[in-house]
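So this block is final33.cif, mmCIF, C-alpha atoms:
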data_upload
#
loop_
_atom_site.label_atom_id
_atom_site.label_comp_id
_atom_site.auth_asym_id
_atom_site.auth_seq_id
_atom_site.Cartn_x
_atom_site.Cartn_y
_atom_site.Cartn_z
CA LEU A 1 -125.05 124.50 201.93
CA ALA A 2 -123.24 121.21 201.63
CA LYS A 3 -125.55 118.22 201.66
CA THR A 4 -124.38 114.66 201.81
CA THR A 5 -125.64 111.50 200.19
CA GLN A 6 -124.71 108.06 201.50
CA PRO A 7 -125.91 104.55 200.70
CA ILE A 8 -128.71 103.47 203.01
CA SER A 9 -127.13 100.12 203.77
CA MET A 10 -124.21 97.86 202.89
CA ASP A 11 -123.07 94.43 203.89
CA SER A 12 -119.79 92.60 203.82
CA TYR A 13 -117.95 89.71 205.44
CA GLU A 14 -115.45 89.47 208.23
CA GLY A 15 -111.89 90.12 207.15
CA GLN A 16 -112.85 92.17 204.11
CA GLU A 17 -112.07 95.81 203.47
CA VAL A 18 -115.19 97.97 203.39
CA ASN A 19 -115.45 101.28 201.60
CA ILE A 20 -118.35 103.64 202.24
CA THR A 21 -118.65 106.59 199.91
CA CYS A 22 -120.30 109.90 200.72
CA SER A 23 -121.23 112.39 198.01
CA HIS A 24 -121.07 116.10 198.79
CA ASN A 25 -121.23 117.90 195.46
CA ASN A 26 -121.75 121.34 196.99
CA ILE A 27 -118.87 121.23 199.45
CA ALA A 28 -117.47 124.67 200.24
CA THR A 29 -113.84 125.74 200.44
CA ASN A 30 -113.84 125.86 204.24
CA ASP A 31 -115.73 122.61 204.79
CA TYR A 32 -114.20 119.60 206.49
CA ILE A 33 -115.39 116.02 206.17
CA THR A 34 -116.03 114.04 209.34
CA TRP A 35 -117.21 110.48 209.90
CA TYR A 36 -118.95 109.06 212.96
CA GLN A 37 -119.91 105.52 213.95
CA GLN A 38 -122.99 104.61 215.97
CA PHE A 39 -123.91 101.32 217.61
CA PRO A 40 -127.54 100.59 218.58
CA SER A 41 -128.76 102.55 221.60
CA GLN A 42 -125.45 104.41 221.92
CA GLY A 43 -124.36 107.88 220.93
CA PRO A 44 -122.23 108.33 217.81
CA ARG A 45 -118.46 108.13 218.10
CA PHE A 46 -115.95 110.18 216.09
CA ILE A 47 -113.94 108.07 213.64
CA ILE A 48 -111.94 110.34 211.39
CA GLN A 49 -111.80 113.79 209.84
CA GLY A 50 -110.11 115.21 206.77
CA TYR A 51 -109.92 118.14 204.39
CA LYS A 52 -108.17 116.73 201.33
CA THR A 53 -106.14 113.76 200.04
CA LYS A 54 -105.80 110.94 202.55
CA VAL A 55 -106.03 110.68 206.30
CA THR A 56 -105.31 107.52 208.26
CA ASN A 57 -105.64 106.64 211.91
CA GLU A 58 -105.67 103.42 213.88
CA VAL A 59 -109.30 102.74 212.99
CA ALA A 60 -109.86 103.84 209.41
CA SER A 61 -108.68 105.74 206.37
CA LEU A 62 -110.40 108.62 204.65
CA PHE A 63 -109.83 109.22 200.96
CA ILE A 64 -110.77 112.59 199.48
CA PRO A 65 -110.24 113.24 195.75
CA ALA A 66 -108.91 116.53 194.47
CA ASP A 67 -112.36 117.95 193.66
CA ARG A 68 -113.55 117.06 197.19
CA LYS A 69 -117.04 116.28 195.87
CA SER A 70 -116.99 112.90 197.54
CA SER A 71 -115.12 111.03 200.22
CA THR A 72 -114.61 107.37 201.02
CA LEU A 73 -114.31 105.88 204.47
CA SER A 74 -112.25 102.73 204.35
CA LEU A 75 -112.43 100.14 207.12
CA PRO A 76 -109.68 97.52 206.82
CA ARG A 77 -110.35 93.89 207.71
CA VAL A 78 -113.77 94.39 209.29
CA SER A 79 -115.11 92.23 212.07
CA LEU A 80 -118.62 91.57 213.34
CA SER A 81 -118.18 94.41 215.83
CA ASP A 82 -117.95 96.90 212.97
CA THR A 83 -121.66 96.40 212.33
CA ALA A 84 -123.02 99.88 212.96
CA VAL A 85 -124.39 103.02 211.33
CA TYR A 86 -121.81 105.33 209.76
CA TYR A 87 -122.48 109.04 209.26
CA CYS A 88 -120.73 111.48 206.98
CA LEU A 89 -120.77 115.16 207.98
CA VAL A 90 -119.60 118.11 205.93
CA GLY A 91 -119.26 121.56 207.44
CA GLU A 92 -117.05 124.46 208.32
CA ARG A 93 -115.74 125.61 211.61
CA ALA A 94 -118.46 127.66 213.30
CA LEU A 95 -116.72 130.65 214.80
CA TYR A 96 -119.72 132.84 215.30
CA SER A 97 -123.21 132.64 216.61
CA GLY A 98 -125.68 131.46 214.03
CA GLY A 99 -123.20 129.62 211.87
CA GLY A 100 -122.49 125.95 211.48
CA ALA A 101 -125.91 124.36 211.87
CA ASP A 102 -125.90 122.97 208.33
CA GLY A 103 -122.78 120.96 208.98
CA LEU A 104 -124.39 119.17 211.90
CA THR A 105 -126.81 117.18 209.75
CA PHE A 106 -126.24 113.52 210.60
CA GLY A 107 -129.26 112.21 208.72
CA LYS A 108 -129.85 108.47 208.56
CA GLY A 109 -126.33 107.34 207.75
CA THR A 110 -125.22 104.04 206.20
CA HIS A 111 -126.19 100.81 207.94
CA LEU A 112 -123.19 98.50 207.62
CA ILE A 113 -123.81 94.84 208.37
CA ILE A 114 -120.87 92.49 208.70
CA GLN A 115 -121.54 88.80 208.34
CA PRO A 116 -119.38 85.89 209.48
CA ASP B 1 -117.43 106.02 228.45
CA SER B 2 -117.31 109.38 226.68
CA GLY B 3 -117.33 111.44 229.88
CA VAL B 4 -120.65 113.03 228.97
CA THR B 5 -123.49 112.22 231.35
CA GLN B 6 -127.20 112.48 230.71
CA THR B 7 -130.11 112.09 233.08
CA PRO B 8 -132.56 110.51 233.25
CA LYS B 9 -131.78 107.43 231.18
CA HIS B 10 -135.45 106.68 230.58
CA LEU B 11 -138.49 108.90 230.85
CA ILE B 12 -142.10 107.95 230.30
CA THR B 13 -144.73 110.63 230.36
CA ALA B 14 -148.10 111.56 228.93
CA THR B 15 -149.08 113.84 226.09
CA GLY B 16 -149.31 117.50 227.03
CA GLN B 17 -146.72 117.22 229.78
CA ARG B 18 -143.41 119.01 230.16
CA VAL B 19 -140.04 117.37 230.84
CA THR B 20 -136.45 118.46 231.36
CA LEU B 21 -133.45 116.52 230.17
CA ARG B 22 -130.08 117.22 231.72
CA CYS B 23 -126.59 116.96 230.29
CA SER B 24 -123.18 117.37 231.89
CA PRO B 25 -120.37 117.80 229.35
CA ARG B 26 -116.89 116.37 229.60
CA SER B 27 -114.62 118.26 231.96
CA GLY B 28 -113.14 121.20 230.08
CA ASP B 29 -115.60 121.11 227.17
CA LEU B 30 -117.25 124.44 226.55
CA SER B 31 -119.77 123.45 223.90
CA VAL B 32 -122.90 121.34 224.21
CA TYR B 33 -125.05 119.99 221.40
CA TRP B 34 -128.51 118.43 221.54
CA TYR B 35 -129.81 115.86 219.05
CA GLN B 36 -133.04 113.95 218.59
CA GLN B 37 -133.02 110.48 217.09
CA SER B 38 -136.16 108.75 215.90
CA LEU B 39 -136.57 105.77 213.61
CA ASP B 40 -138.08 107.73 210.75
CA GLN B 41 -135.99 110.93 210.95
CA GLY B 42 -132.56 109.67 211.85
CA LEU B 43 -130.26 111.80 213.99
CA GLN B 44 -131.44 115.40 213.90
CA PHE B 45 -129.46 118.35 215.26
CA LEU B 46 -131.49 120.55 217.59
CA ILE B 47 -129.30 123.24 219.12
CA GLN B 48 -125.74 124.07 220.19
CA TYR B 49 -124.43 126.19 223.05
CA TYR B 50 -120.94 127.48 223.54
CA ASN B 51 -119.86 128.80 226.91
CA GLY B 52 -123.41 129.70 227.88
CA GLU B 53 -124.51 131.26 224.62
CA GLU B 54 -126.52 129.81 221.78
CA ARG B 55 -124.16 129.08 218.86
CA ALA B 56 -126.28 127.25 216.28
CA LYS B 57 -129.89 126.23 215.92
CA GLY B 58 -131.19 123.31 213.91
CA ASN B 59 -134.57 121.66 213.63
CA ILE B 60 -135.74 122.55 217.09
CA LEU B 61 -139.46 123.00 217.62
CA GLU B 62 -140.83 126.09 219.34
CA ARG B 63 -142.16 123.80 222.11
CA PHE B 64 -138.56 122.89 222.88
CA SER B 65 -136.01 125.14 224.55
CA ALA B 66 -132.55 124.74 225.99
CA GLN B 67 -129.97 126.58 228.00
CA GLN B 68 -126.42 126.18 229.21
CA PHE B 69 -125.65 127.21 232.74
CA PRO B 70 -122.51 128.89 234.16
CA ASP B 71 -121.18 125.50 235.28
CA LEU B 72 -121.58 124.44 231.61
CA HIS B 73 -124.21 121.79 232.16
CA SER B 74 -127.19 122.05 229.87
CA GLU B 75 -130.90 121.34 230.02
CA LEU B 76 -133.32 120.63 227.22
CA ASN B 77 -136.92 121.46 228.03
CA LEU B 78 -139.70 119.79 226.06
CA SER B 79 -143.24 121.06 226.59
CA SER B 80 -146.75 120.21 225.37
CA LEU B 81 -145.42 116.79 224.52
CA GLU B 82 -146.87 114.87 221.61
CA LEU B 83 -146.65 111.20 220.69
CA GLY B 84 -144.22 112.10 217.92
CA ASP B 85 -141.74 113.49 220.43
CA SER B 86 -140.95 109.96 221.56
CA ALA B 87 -137.31 109.50 220.66
CA LEU B 88 -133.78 109.10 221.91
CA TYR B 89 -132.28 112.47 222.87
CA PHE B 90 -128.51 112.77 222.79
CA CYS B 91 -126.27 115.39 224.22
CA ALA B 92 -122.73 115.84 222.95
CA SER B 93 -119.90 118.10 224.00
CA SER B 94 -116.71 119.42 222.45
CA VAL B 95 -113.79 121.45 223.66
CA GLU B 96 -114.44 124.25 221.22
CA GLY B 97 -117.56 125.48 219.53
CA GLY B 98 -116.53 124.62 216.01
CA GLY B 99 -119.68 122.69 215.16
CA ALA B 100 -119.14 120.11 212.46
CA VAL B 101 -115.37 120.49 212.65
CA SER B 102 -115.10 119.86 216.37
CA GLU B 103 -114.86 116.28 217.58
CA GLN B 104 -118.03 115.69 219.53
CA PHE B 105 -118.32 113.28 222.42
CA PHE B 106 -121.80 111.88 222.84
CA GLY B 107 -123.57 110.90 226.01
CA PRO B 108 -125.58 107.68 226.44
CA GLY B 109 -128.85 109.42 225.62
CA THR B 110 -132.24 109.80 227.27
CA ARG B 111 -135.03 107.65 225.90
CA LEU B 112 -138.29 109.59 226.04
CA THR B 113 -141.58 107.79 225.62
CA VAL B 114 -144.76 109.84 225.36
CA LEU B 115 -147.96 107.88 225.94
#
Here is the file; what I need is its structure written in the form of structure tokens.
Amino acid sequence: LAKTTQPISMDSYEGQEVNITCSHNNIATNDYITWYQQFPSQGPRFIIQGYKTKVTNEVASLFIPADRKSSTLSLPRVSLSDTAVYYCLVGERALYSGGGADGLTFGKGTHLIIQP
Amino acid sequence: DSGVTQTPKHLITATGQRVTLRCSPRSGDLSVYWYQQSLDQGLQFLIQYYNGEERAKGNILERFSAQQFPDLHSELNLSSLELGDSALYFCASSVEGGGAVSEQFFGPGTRLTVL
């Protein structure tokens, strides 16, 4: 059972790089790490997913150390529109009935507030 | 627009009543997930279906039930409603049924208010 711990809230300024760290000390060998973003009154949106080392896409980067007990979502040069809640999920691919529910724990996420 | 549709958008009802929320997944997606979001509990996973069969079950109350139909749309039934059931209910879909590993596309949600 991999549980995640994230900061409740963070704030930063426009143009800065923001790093949000998620702790998952009990991550299992088959678990992947996935981040979602949610704006008020909207459903979450997939940002990035990784298994180890570093993953980068057009929106963010995900850094995962060798022990995989934590991960860091990096948002480069944030803007006001990046103000949102960010969720870290850890779980394995559910290939059978009854599996995978633990990895779908979104919890309360990290409230990121970007100021001008 | 994620391609996932949910109806109704808003629903106001009284305690003790029963309601049905409907979700249509993205074209081609076989898996549907239901979530409940309230201010104090955050985003809670309720249940997942894959190609008509239950795949995973989360914190879903016995008063709640769901199903996925042959055309892959899904319904979440909430009965004997209580004030605490007031929340935003999201449906998400994914191509495969991989759970946390699958990229999920969320609908706009149904806001349920129980008076």
Could you tell me which residues of chain A sit within 10 Å of chain B when counting only C-alpha atoms, and give me the result as an mmCIF file with C-alpha atoms, keeping the file's coordinate frame?
data_model
loop_
_atom_site.group_PDB
_atom_site.id
_atom_site.type_symbol
_atom_site.label_atom_id
_atom_site.label_comp_id
_atom_site.auth_asym_id
_atom_site.auth_seq_id
_atom_site.Cartn_x
_atom_site.Cartn_y
_atom_site.Cartn_z
ATOM 1 C CA ASP A 31 -115.730 122.610 204.790
ATOM 2 C CA TYR A 32 -114.200 119.600 206.490
ATOM 3 C CA ILE A 33 -115.390 116.020 206.170
ATOM 4 C CA THR A 34 -116.030 114.040 209.340
ATOM 5 C CA TRP A 35 -117.210 110.480 209.900
ATOM 6 C CA TYR A 36 -118.950 109.060 212.960
ATOM 7 C CA SER A 41 -128.760 102.550 221.600
ATOM 8 C CA GLN A 42 -125.450 104.410 221.920
ATOM 9 C CA GLY A 43 -124.360 107.880 220.930
ATOM 10 C CA PRO A 44 -122.230 108.330 217.810
ATOM 11 C CA ARG A 45 -118.460 108.130 218.100
ATOM 12 C CA PHE A 46 -115.950 110.180 216.090
ATOM 13 C CA ILE A 47 -113.940 108.070 213.640
ATOM 14 C CA ILE A 48 -111.940 110.340 211.390
ATOM 15 C CA GLN A 49 -111.800 113.790 209.840
ATOM 16 C CA GLY A 50 -110.110 115.210 206.770
ATOM 17 C CA TYR A 87 -122.480 109.040 209.260
ATOM 18 C CA LEU A 89 -120.770 115.160 207.980
ATOM 19 C CA VAL A 90 -119.600 118.110 205.930
ATOM 20 C CA GLY A 91 -119.260 121.560 207.440
ATOM 21 C CA GLU A 92 -117.050 124.460 208.320
ATOM 22 C CA ARG A 93 -115.740 125.610 211.610
ATOM 23 C CA ALA A 94 -118.460 127.660 213.300
ATOM 24 C CA LEU A 95 -116.720 130.650 214.800
ATOM 25 C CA TYR A 96 -119.720 132.840 215.300
ATOM 26 C CA SER A 97 -123.210 132.640 216.610
ATOM 27 C CA GLY A 98 -125.680 131.460 214.030
ATOM 28 C CA GLY A 99 -123.200 129.620 211.870
ATOM 29 C CA GLY A 100 -122.490 125.950 211.480
ATOM 30 C CA ALA A 101 -125.910 124.360 211.870
ATOM 31 C CA ASP A 102 -125.900 122.970 208.330
ATOM 32 C CA GLY A 103 -122.780 120.960 208.980
ATOM 33 C CA LEU A 104 -124.390 119.170 211.900
ATOM 34 C CA THR A 105 -126.810 117.180 209.750
ATOM 35 C CA PHE A 106 -126.240 113.520 210.600
ATOM 36 C CA GLY A 107 -129.260 112.210 208.720
ATOM 37 C CA LYS A 108 -129.850 108.470 208.560
ATOM 38 C CA GLY A 109 -126.330 107.340 207.750
#
Kindly give the distance, in Å, that separates CA of Ser24 (chain B) and CA of Thr5 (chain B), rounded to a single decimal.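 Calculated distance between CA of Ser24 (chain B) and CA of Thr5 (chain B) is 5.2 Å.
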Quick check on the file I pasted: which residues fall under the PyMOL selection byres ((chain A and resi 68) around 8)? Write them as number ranges by chain. A: 24-25, 27, 52, 64-67, 69-71
Store the residues picked out above, limited to C-alpha atoms, as a PDB file, keeping the file's coordinate frame.
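Contents of out_1.pdb, as written:
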ATOM      1  CA  HIS A  24    -121.070 116.100 198.790  1.00  0.00           C
ATOM      2  CA  ASN A  25    -121.230 117.900 195.460  1.00  0.00           C
ATOM      3  CA  ILE A  27    -118.870 121.230 199.450  1.00  0.00           C
ATOM      4  CA  LYS A  52    -108.170 116.730 201.330  1.00  0.00           C
ATOM      5  CA  ILE A  64    -110.770 112.590 199.480  1.00  0.00           C
ATOM      6  CA  PRO A  65    -110.240 113.240 195.750  1.00  0.00           C
ATOM      7  CA  ALA A  66    -108.910 116.530 194.470  1.00  0.00           C
ATOM      8  CA  ASP A  67    -112.360 117.950 193.660  1.00  0.00           C
ATOM      9  CA  LYS A  69    -117.040 116.280 195.870  1.00  0.00           C
ATOM     10  CA  SER A  70    -116.990 112.900 197.540  1.00  0.00           C
ATOM     11  CA  SER A  71    -115.120 111.030 200.220  1.00  0.00           C
TER      12      SER A  71
END
Given the PyMOL selection byres ((chain A and resi 85) around 9), the residues it picks as a list in words: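 Checking the PyMOL selection byres ((chain A and resi 85) around 9) against this file, the residues are Ser9, Tyr36, Gln37, Gln38, Phe39, Pro40, Pro44, Thr83, Ala84, Tyr86, Tyr87, Lys108, Gly109, Thr110, His111, Leu112 and Ile113 of chain A.
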Evaluating the PyMOL selection byres ((chain B and resi 22) around 9) on the displayed file yields which residues, as a PyMOL selection string? chain B and resi 5-8+20-21+23-24+73-77+91+110
Length of the CA of Leu115 (chain B) to CA of Ile12 (chain B) vector [Å]: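 Those two atoms sit 7.3 Å apart.
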Excluding Leu73 (chain A) and any residue of its chain fewer than 5 positions from it, enumerate the residues within 7 Å of it, using all atoms listed in the file, and give them as an MDAnalysis selection string. chainID A and resid 19:21 60:63
CA of Glu62 (chain B) to CA of Gln17 (chain B), distance in Å rounded to a single decimal: 14.9 Å
Can you give me N, CA and C atoms for region 60-83 of chain A, written as a PDB file, keeping the file's coordinate frame?
ATOM      1  N   ALA A  60    -109.385 103.754 210.782  1.00  0.00           N
ATOM      2  CA  ALA A  60    -109.860 103.840 209.410  1.00  0.00           C
ATOM      3  C   ALA A  60    -108.983 104.761 208.580  1.00  0.00           C
ATOM      4  N   SER A  61    -109.302 104.784 207.288  1.00  0.00           N
ATOM      5  CA  SER A  61    -108.680 105.740 206.370  1.00  0.00           C
ATOM      6  C   SER A  61    -109.779 106.536 205.688  1.00  0.00           C
ATOM      7  N   LEU A  62    -109.456 107.750 205.341  1.00  0.00           N
ATOM      8  CA  LEU A  62    -110.400 108.620 204.650  1.00  0.00           C
ATOM      9  C   LEU A  62    -109.734 109.116 203.385  1.00  0.00           C
ATOM     10  N   PHE A  63    -110.362 108.814 202.247  1.00  0.00           N
ATOM     11  CA  PHE A  63    -109.830 109.220 200.960  1.00  0.00           C
ATOM     12  C   PHE A  63    -110.699 110.340 200.404  1.00  0.00           C
ATOM     13  N   ILE A  64    -110.057 111.432 200.023  1.00  0.00           N
ATOM     14  CA  ILE A  64    -110.770 112.590 199.480  1.00  0.00           C
ATOM     15  C   ILE A  64    -110.110 112.975 198.167  1.00  0.00           C
ATOM     16  N   PRO A  65    -110.836 112.889 197.042  1.00  0.00           N
ATOM     17  CA  PRO A  65    -110.240 113.240 195.750  1.00  0.00           C
ATOM     18  C   PRO A  65    -110.015 114.743 195.666  1.00  0.00           C
ATOM     19  N   ALA A  66    -109.305 115.130 194.627  1.00  0.00           N
ATOM     20  CA  ALA A  66    -108.910 116.530 194.470  1.00  0.00           C
ATOM     21  C   ALA A  66    -110.117 117.476 194.411  1.00  0.00           C
ATOM     22  N   ASP A  67    -111.207 117.052 193.775  1.00  0.00           N
ATOM     23  CA  ASP A  67    -112.360 117.950 193.660  1.00  0.00           C
ATOM     24  C   ASP A  67    -113.197 117.994 194.949  1.00  0.00           C
ATOM     25  N   ARG A  68    -112.914 117.118 195.864  1.00  0.00           N
ATOM     26  CA  ARG A  68    -113.550 117.060 197.190  1.00  0.00           C
ATOM     27  C   ARG A  68    -115.070 116.885 197.109  1.00  0.00           C
ATOM     28  N   LYS A  69    -115.596 116.445 195.997  1.00  0.00           N
ATOM     29  CA  LYS A  69    -117.040 116.280 195.870  1.00  0.00           C
ATOM     30  C   LYS A  69    -117.536 114.958 196.434  1.00  0.00           C
ATOM     31  N   SER A  70    -116.620 114.139 196.885  1.00  0.00           N
ATOM     32  CA  SER A  70    -116.990 112.900 197.540  1.00  0.00           C
ATOM     33  C   SER A  70    -115.874 112.522 198.505  1.00  0.00           C
ATOM     34  N   SER A  71    -116.162 111.564 199.343  1.00  0.00           N
ATOM     35  CA  SER A  71    -115.120 111.030 200.220  1.00  0.00           C
ATOM     36  C   SER A  71    -115.441 109.568 200.481  1.00  0.00           C
ATOM     37  N   THR A  72    -114.415 108.790 200.782  1.00  0.00           N
ATOM     38  CA  THR A  72    -114.610 107.370 201.020  1.00  0.00           C
ATOM     39  C   THR A  72    -113.974 106.978 202.344  1.00  0.00           C
ATOM     40  N   LEU A  73    -114.794 106.431 203.207  1.00  0.00           N
ATOM     41  CA  LEU A  73    -114.310 105.880 204.470  1.00  0.00           C
ATOM     42  C   LEU A  73    -113.932 104.432 204.223  1.00  0.00           C
ATOM     43  N   SER A  74    -112.720 104.082 204.569  1.00  0.00           N
ATOM     44  CA  SER A  74    -112.250 102.730 204.350  1.00  0.00           C
ATOM     45  C   SER A  74    -111.969 102.050 205.686  1.00  0.00           C
ATOM     46  N   LEU A  75    -112.619 100.921 205.897  1.00  0.00           N
ATOM     47  CA  LEU A  75    -112.430 100.140 207.120  1.00  0.00           C
ATOM     48  C   LEU A  75    -111.687  98.858 206.749  1.00  0.00           C
ATOM     49  N   PRO A  76    -110.455  98.698 207.203  1.00  0.00           N
ATOM     50  CA  PRO A  76    -109.680  97.520 206.820  1.00  0.00           C
ATOM     51  C   PRO A  76    -110.062  96.293 207.646  1.00  0.00           C
ATOM     52  N   ARG A  77    -110.157  95.164 207.009  1.00  0.00           N
ATOM     53  CA  ARG A  77    -110.350  93.890 207.710  1.00  0.00           C
ATOM     54  C   ARG A  77    -111.447  93.993 208.790  1.00  0.00           C
ATOM     55  N   VAL A  78    -112.663  94.185 208.344  1.00  0.00           N
ATOM     56  CA  VAL A  78    -113.770  94.390 209.290  1.00  0.00           C
ATOM     57  C   VAL A  78    -114.063  93.119 210.079  1.00  0.00           C
ATOM     58  N   SER A  79    -114.658  93.335 211.232  1.00  0.00           N
ATOM     59  CA  SER A  79    -115.110  92.230 212.070  1.00  0.00           C
ATOM     60  C   SER A  79    -116.593  92.440 212.373  1.00  0.00           C
ATOM     61  N   LEU A  80    -117.199  91.471 213.018  1.00  0.00           N
ATOM     62  CA  LEU A  80    -118.620  91.570 213.340  1.00  0.00           C
ATOM     63  C   LEU A  80    -118.925  92.827 214.160  1.00  0.00           C
ATOM     64  N   SER A  81    -117.971  93.247 214.969  1.00  0.00           N
ATOM     65  CA  SER A  81    -118.180  94.410 215.830  1.00  0.00           C
ATOM     66  C   SER A  81    -118.190  95.729 215.069  1.00  0.00           C
ATOM     67  N   ASP A  82    -117.877  95.685 213.795  1.00  0.00           N
ATOM     68  CA  ASP A  82    -117.950  96.900 212.970  1.00  0.00           C
ATOM     69  C   ASP A  82    -119.356  97.130 212.432  1.00  0.00           C
ATOM     70  N   THR A  83    -120.265  96.204 212.702  1.00  0.00           N
ATOM     71  CA  THR A  83    -121.660  96.400 212.330  1.00  0.00           C
ATOM     72  C   THR A  83    -122.216  97.589 213.089  1.00  0.00           C
TER      73      THR A  83
END
